[in-house]
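Enquirer: My structure is stored as model-v6.cif, with mmCIF, C-alpha atoms.
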```cif
data_run
loop_
_atom_site.group_PDB
_atom_site.id
_atom_site.type_symbol
_atom_site.label_atom_id
_atom_site.label_comp_id
_atom_site.auth_asym_id
_atom_site.auth_seq_id
_atom_site.Cartn_x
_atom_site.Cartn_y
_atom_site.Cartn_z
ATOM 1 C CA MET A 236 -90.129 -76.168 -36.034
ATOM 2 C CA MET A 237 -87.425 -73.556 -35.444
ATOM 3 C CA LYS A 238 -87.764 -70.443 -33.244
ATOM 4 C CA PRO A 239 -85.272 -67.711 -34.022
ATOM 5 C CA ARG A 240 -85.195 -64.625 -31.749
ATOM 6 C CA ILE A 241 -86.019 -61.273 -33.275
ATOM 7 C CA GLY A 242 -85.087 -58.442 -30.937
ATOM 8 C CA PRO A 243 -85.359 -58.668 -27.185
ATOM 9 C CA CYS A 244 -89.008 -59.734 -26.816
ATOM 10 C CA ILE A 245 -90.414 -61.244 -30.012
ATOM 11 C CA SER A 246 -89.952 -64.845 -31.009
ATOM 12 C CA LEU A 247 -90.886 -65.879 -34.488
ATOM 13 C CA THR A 248 -92.207 -69.375 -35.055
ATOM 14 C CA VAL A 249 -91.510 -70.813 -38.484
ATOM 15 C CA LYS A 250 -93.862 -73.606 -39.560
ATOM 16 C CA TRP A 251 -94.324 -75.466 -42.800
ATOM 17 C CA ASP A 252 -97.889 -76.121 -43.967
ATOM 18 C CA LEU A 253 -99.060 -79.269 -45.811
ATOM 19 C CA LYS A 254 -98.083 -77.835 -49.192
ATOM 20 C CA GLY A 255 -94.529 -77.192 -48.044
ATOM 21 C CA THR A 256 -95.040 -73.422 -47.809
ATOM 22 C CA LYS A 257 -93.152 -71.703 -45.039
ATOM 23 C CA ARG A 258 -95.389 -69.769 -42.562
ATOM 24 C CA ASN A 259 -94.121 -67.256 -39.998
ATOM 25 C CA MET A 260 -96.197 -66.756 -36.882
ATOM 26 C CA ILE A 261 -95.792 -64.724 -33.728
ATOM 27 C CA SER A 262 -97.115 -66.700 -30.765
ATOM 28 C CA LYS A 263 -99.805 -65.303 -28.446
ATOM 29 C CA ARG A 264 -97.386 -65.476 -25.540
ATOM 30 C CA ASN A 265 -94.977 -63.208 -27.394
ATOM 31 C CA MET A 266 -97.759 -60.876 -28.545
ATOM 32 C CA LYS A 267 -98.420 -60.088 -24.872
ATOM 33 C CA SER A 268 -94.826 -58.983 -24.477
ATOM 34 C CA LEU A 269 -95.298 -56.572 -27.399
ATOM 35 C CA ILE A 270 -98.099 -54.698 -25.660
ATOM 36 C CA LYS A 271 -96.637 -54.896 -22.158
ATOM 37 C CA PRO A 272 -95.678 -51.421 -20.942
ATOM 38 C CA THR A 273 -91.918 -50.950 -21.112
ATOM 39 C CA MET A 274 -91.724 -47.484 -19.558
ATOM 40 C CA THR A 275 -89.223 -47.527 -16.716
ATOM 41 C CA ILE A 276 -88.417 -44.887 -14.142
ATOM 42 C CA GLN A 277 -85.176 -44.206 -16.040
ATOM 43 C CA ASN A 278 -87.093 -43.659 -19.282
ATOM 44 C CA VAL A 279 -89.505 -41.252 -17.607
ATOM 45 C CA ARG A 280 -86.575 -39.446 -15.999
ATOM 46 C CA SER A 281 -84.867 -39.045 -19.385
ATOM 47 C CA ILE A 282 -88.025 -37.681 -20.992
ATOM 48 C CA VAL A 283 -88.594 -35.184 -18.182
ATOM 49 C CA LEU A 284 -84.970 -34.015 -18.187
ATOM 50 C CA PHE A 285 -84.909 -33.757 -21.995
ATOM 51 C CA SER A 286 -88.035 -31.613 -21.807
ATOM 52 C CA LEU A 287 -86.494 -29.365 -19.145
ATOM 53 C CA VAL A 288 -83.351 -29.000 -21.238
ATOM 54 C CA GLY A 289 -85.572 -28.153 -24.201
ATOM 55 C CA LEU A 290 -87.257 -25.420 -22.189
ATOM 56 C CA SER A 291 -83.836 -24.121 -21.170
ATOM 57 C CA ASN A 292 -82.671 -24.141 -24.809
ATOM 58 C CA THR A 293 -85.816 -22.361 -25.905
ATOM 59 C CA PHE A 294 -85.292 -19.749 -23.198
ATOM 60 C CA VAL A 295 -81.659 -19.170 -24.219
ATOM 61 C CA ASP A 296 -82.586 -19.072 -27.924
ATOM 62 C CA THR A 297 -85.535 -16.721 -27.425
ATOM 63 C CA VAL A 298 -83.776 -14.300 -25.065
ATOM 64 C CA VAL A 299 -80.726 -14.030 -27.318
ATOM 65 C CA PHE A 300 -82.988 -13.650 -30.377
ATOM 66 C CA PHE A 301 -85.146 -10.844 -28.994
ATOM 67 C CA VAL A 302 -82.255 -8.979 -27.337
ATOM 68 C CA LEU A 303 -80.399 -8.907 -30.656
ATOM 69 C CA TYR A 304 -83.633 -8.303 -32.604
ATOM 70 C CA HIS A 305 -84.251 -5.171 -30.520
ATOM 71 C CA TRP A 306 -81.095 -3.596 -31.969
ATOM 72 C CA PHE A 307 -80.757 -5.319 -35.341
ATOM 73 C CA SER A 308 -84.317 -6.154 -36.465
ATOM 74 C CA HIS A 309 -83.422 -5.974 -40.161
ATOM 75 C CA ASP A 310 -80.999 -8.914 -39.738
ATOM 76 C CA TYR A 311 -83.489 -11.301 -38.116
ATOM 77 C CA LEU A 312 -82.327 -14.356 -40.100
ATOM 78 C CA LEU A 313 -78.706 -13.820 -39.005
ATOM 79 C CA ILE A 314 -79.960 -13.284 -35.458
ATOM 80 C CA GLN A 315 -81.886 -16.577 -35.728
ATOM 81 C CA GLY A 316 -78.617 -18.357 -36.549
ATOM 82 C CA ILE A 317 -76.798 -16.798 -33.588
ATOM 83 C CA SER A 318 -79.608 -17.427 -31.094
ATOM 84 C CA TYR A 319 -80.162 -20.991 -32.301
ATOM 85 C CA SER A 320 -76.434 -21.724 -31.955
ATOM 86 C CA CYS A 321 -76.462 -20.503 -28.341
ATOM 87 C CA GLY A 322 -79.377 -22.812 -27.565
ATOM 88 C CA MET A 323 -77.615 -25.667 -29.379
ATOM 89 C CA VAL A 324 -74.468 -25.426 -27.232
ATOM 90 C CA ASN A 325 -76.656 -25.350 -24.107
ATOM 91 C CA SER A 326 -78.563 -28.382 -25.404
ATOM 92 C CA TYR A 327 -75.493 -30.490 -26.085
ATOM 93 C CA LEU A 328 -73.893 -29.867 -22.710
ATOM 94 C CA LEU A 329 -77.036 -30.367 -20.608
ATOM 95 C CA ASN A 330 -78.306 -33.403 -22.533
ATOM 96 C CA LYS A 331 -74.952 -35.165 -22.643
ATOM 97 C CA TYR A 332 -73.990 -34.708 -19.001
ATOM 98 C CA TRP A 333 -77.335 -34.301 -17.230
ATOM 99 C CA THR A 334 -80.138 -35.974 -19.206
ATOM 100 C CA PHE A 335 -78.204 -38.947 -20.574
ATOM 101 C CA GLN A 336 -75.467 -38.919 -17.898
ATOM 102 C CA LYS A 337 -72.593 -39.596 -20.264
ATOM 103 C CA LYS A 338 -69.290 -39.045 -18.513
ATOM 104 C CA SER A 339 -67.134 -39.694 -21.543
ATOM 105 C CA VAL A 340 -65.279 -37.090 -23.502
ATOM 106 C CA PRO A 341 -67.403 -36.121 -26.512
ATOM 107 C CA SER A 342 -66.559 -38.265 -29.525
ATOM 108 C CA GLY A 343 -66.309 -36.897 -33.027
ATOM 109 C CA ALA A 344 -69.126 -39.170 -34.187
ATOM 110 C CA GLU A 345 -71.430 -38.039 -31.394
ATOM 111 C CA ILE A 346 -70.748 -34.362 -32.059
ATOM 112 C CA LEU A 347 -71.253 -34.889 -35.794
ATOM 113 C CA LYS A 348 -74.600 -36.602 -35.171
ATOM 114 C CA PHE A 349 -75.626 -33.802 -32.821
ATOM 115 C CA ILE A 350 -74.647 -31.131 -35.337
ATOM 116 C CA THR A 351 -76.475 -32.985 -38.130
ATOM 117 C CA VAL A 352 -79.705 -33.235 -36.125
ATOM 118 C CA ASN A 353 -79.442 -29.599 -35.090
ATOM 119 C CA ALA A 354 -78.649 -28.465 -38.636
ATOM 120 C CA LEU A 355 -81.832 -30.169 -39.788
ATOM 121 C CA ALA A 356 -83.816 -28.633 -36.909
ATOM 122 C CA PHE A 357 -82.278 -25.233 -37.619
ATOM 123 C CA SER A 358 -83.198 -25.521 -41.301
ATOM 124 C CA VAL A 359 -86.783 -26.254 -40.334
ATOM 125 C CA SER A 360 -86.873 -23.240 -37.978
ATOM 126 C CA PHE A 361 -85.145 -20.960 -40.487
ATOM 127 C CA ILE A 362 -87.496 -21.870 -43.335
ATOM 128 C CA SER A 363 -90.560 -21.636 -41.065
ATOM 129 C CA LEU A 364 -89.505 -18.222 -39.790
ATOM 130 C CA TYR A 365 -88.790 -16.932 -43.294
ATOM 131 C CA ILE A 366 -92.059 -18.195 -44.770
ATOM 132 C CA LEU A 367 -94.269 -16.979 -41.938
ATOM 133 C CA ASP A 368 -92.666 -13.522 -41.754
ATOM 134 C CA SER A 369 -91.678 -12.717 -45.326
ATOM 135 C CA ARG A 370 -94.339 -14.590 -47.259
ATOM 136 C CA TYR A 371 -97.363 -14.315 -44.965
ATOM 137 C CA GLY A 372 -96.536 -11.304 -42.771
ATOM 138 C CA PHE A 373 -97.284 -12.970 -39.442
ATOM 139 C CA HIS A 374 -96.209 -11.170 -36.269
ATOM 140 C CA MET A 375 -92.616 -12.038 -35.342
ATOM 141 C CA PHE A 376 -93.611 -13.533 -31.970
ATOM 142 C CA PHE A 377 -96.001 -15.995 -33.661
ATOM 143 C CA SER A 378 -93.461 -16.770 -36.390
ATOM 144 C CA LYS A 379 -90.682 -17.431 -33.861
ATOM 145 C CA THR A 380 -92.976 -19.566 -31.666
ATOM 146 C CA PHE A 381 -94.081 -21.732 -34.586
ATOM 147 C CA ALA A 382 -90.503 -22.085 -35.886
ATOM 148 C CA THR A 383 -89.342 -23.120 -32.398
ATOM 149 C CA ILE A 384 -92.047 -25.774 -32.036
ATOM 150 C CA MET A 385 -91.163 -27.261 -35.414
ATOM 151 C CA ALA A 386 -87.443 -27.332 -34.583
ATOM 152 C CA MET A 387 -88.091 -28.904 -31.166
ATOM 153 C CA GLY A 388 -89.962 -31.805 -32.751
ATOM 154 C CA VAL A 389 -87.125 -32.526 -35.164
ATOM 155 C CA ASN A 390 -84.468 -32.134 -32.472
ATOM 156 C CA TYR A 391 -86.167 -34.380 -29.917
ATOM 157 C CA THR A 392 -86.775 -37.137 -32.428
ATOM 158 C CA GLY A 393 -83.207 -37.045 -33.768
ATOM 159 C CA SER A 394 -81.619 -36.880 -30.320
ATOM 160 C CA ARG A 395 -83.779 -39.663 -28.920
ATOM 161 C CA LEU A 396 -83.428 -42.050 -31.821
ATOM 162 C CA TRP A 397 -79.899 -41.327 -33.018
ATOM 163 C CA VAL A 398 -77.552 -39.021 -31.113
ATOM 164 C CA PHE A 399 -77.968 -40.175 -27.503
ATOM 165 C CA LYS A 400 -79.682 -43.545 -27.996
ATOM 166 C CA ASP A 401 -76.820 -45.525 -26.426
ATOM 167 C CA ALA A 402 -77.002 -43.838 -23.026
ATOM 168 C CA HIS A 403 -80.564 -44.645 -21.941
ATOM 169 C CA SER A 404 -83.518 -45.806 -23.951
ATOM 170 C CA ILE A 405 -86.328 -43.314 -23.870
#
```
Go ahead and render the structure in this file as structure tokens.

Expert:
Amino acid sequence: MMKPRIGPCISLTVKWDLKGTKRNMISKRNMKSLIKPTMTIQNVRSIVLFSLVGLSNTFVDTVVFFVLYHWFSHDYLLIQGISYSCGMVNSYLLNKYWTFQKKSVPSGAEILKFITVNALAFSVSFISLYILDSRYGFHMFFSKTFATIMAMGVNYTGSRLWVFKDAHSI
């Protein structure tokens, strides 16, 4: 019987049955470690700070959007790009240095990942805003709120699982 390690907490037991067929089994002892809560104070801290940064980004994005929208309402999609970019810069700086406490100089790979995640989130918000306003005629406040919620989901998932995953596990 051989027991290779798979990841930090699962051990896989390989057994051969009477017919010579290989069987893989996870032991009961290791199953308990799968359901054991792994939330640490650091993980909770990261989630709370990421959420606060998200609120800050949303505030920056929304204020810039509606200030510009007041004067240039016919260019709302361009305004969406400008306001989203302002929130994105705020997000990168606060998440890198406050939420995930990275002291290093930003690397090209990290910035590229961040831009990729935010480009995807921006695309989701842009398309949502366009469809809800132009296609369905929803009020701009509802359209912007829905677009922001959609973008936040994409951004959080990408940042947590890809961009800042090395700093602290969430």

Enquirer: What residues come out when you apply the PyMOL selection byres ((chain A and resi 318) around 12) to this file, written as number ranges by chain?

Expert: A: 292-304, 311-317, 319-325, 357, 360-361, 379, 383

Enquirer: I'd like the residues picked by the PyMOL selection byres ((chain A and resi 384) around 12) written out as an NGL selection string, using the chain letters and numbers from the file.

Expert: :A and (289-290 or 292-293 or 356-357 or 359-361 or 363-364 or 377-383 or 385-391)

Enquirer: What is the CA of Leu328 in chain A to CA of His305 in chain A distance in Å?

Expert: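 One can read the CA of Leu328 in chain A to CA of His305 in chain A distance as 27.9 Å.
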
Enquirer: Translate the PyMOL selection byres ((chain A and resi 337) around 12), as applied to the file shown, into an explicit residue set as a list of chain:residue names.

Expert: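 Matching residues under the PyMOL selection byres ((chain A and resi 337) around 12) are A:Tyr327, A:Leu328, A:Leu329, A:Asn330, A:Lys331, A:Tyr332, A:Trp333, A:Thr334, A:Phe335, A:Gln336, A:Lys338, A:Ser339, A:Val340, A:Pro341, A:Ser342, A:Glu345, A:Val398, A:Phe399, A:Lys400, A:Asp401, A:Ala402, A:His403.
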
Enquirer: Between A:Ser326, A:Thr392, A:Ile350, A:Phe373, which residue has the minimum interatomic distance to Leu287 in chain A, considering only C-alpha atoms?

Expert: A:Ser326

Enquirer: Taking only C-alpha atoms into account, name the residue in A:Gln277, A:Asn353, A:Gly393, A:Asp310 that is nearest to Tyr365 in chain A.

Expert: A:Asp310

Enquirer: Taking into account all atoms listed in the file, which residue in the set A:Ser281, A:Thr351, A:Ser358, A:Ser369 is nearest to Trp397 in chain A?

Expert: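 Among the listed residues, the smallest separation from Trp397 in chain A belongs to A:Thr351.
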
Enquirer: Just the number, please: distance in Å from CA of Val283 in chain A to CA of Leu355 in chain A, one decimal.

Expert: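 Calculated distance between CA of Val283 in chain A and CA of Leu355 in chain A is 23.2 Å.
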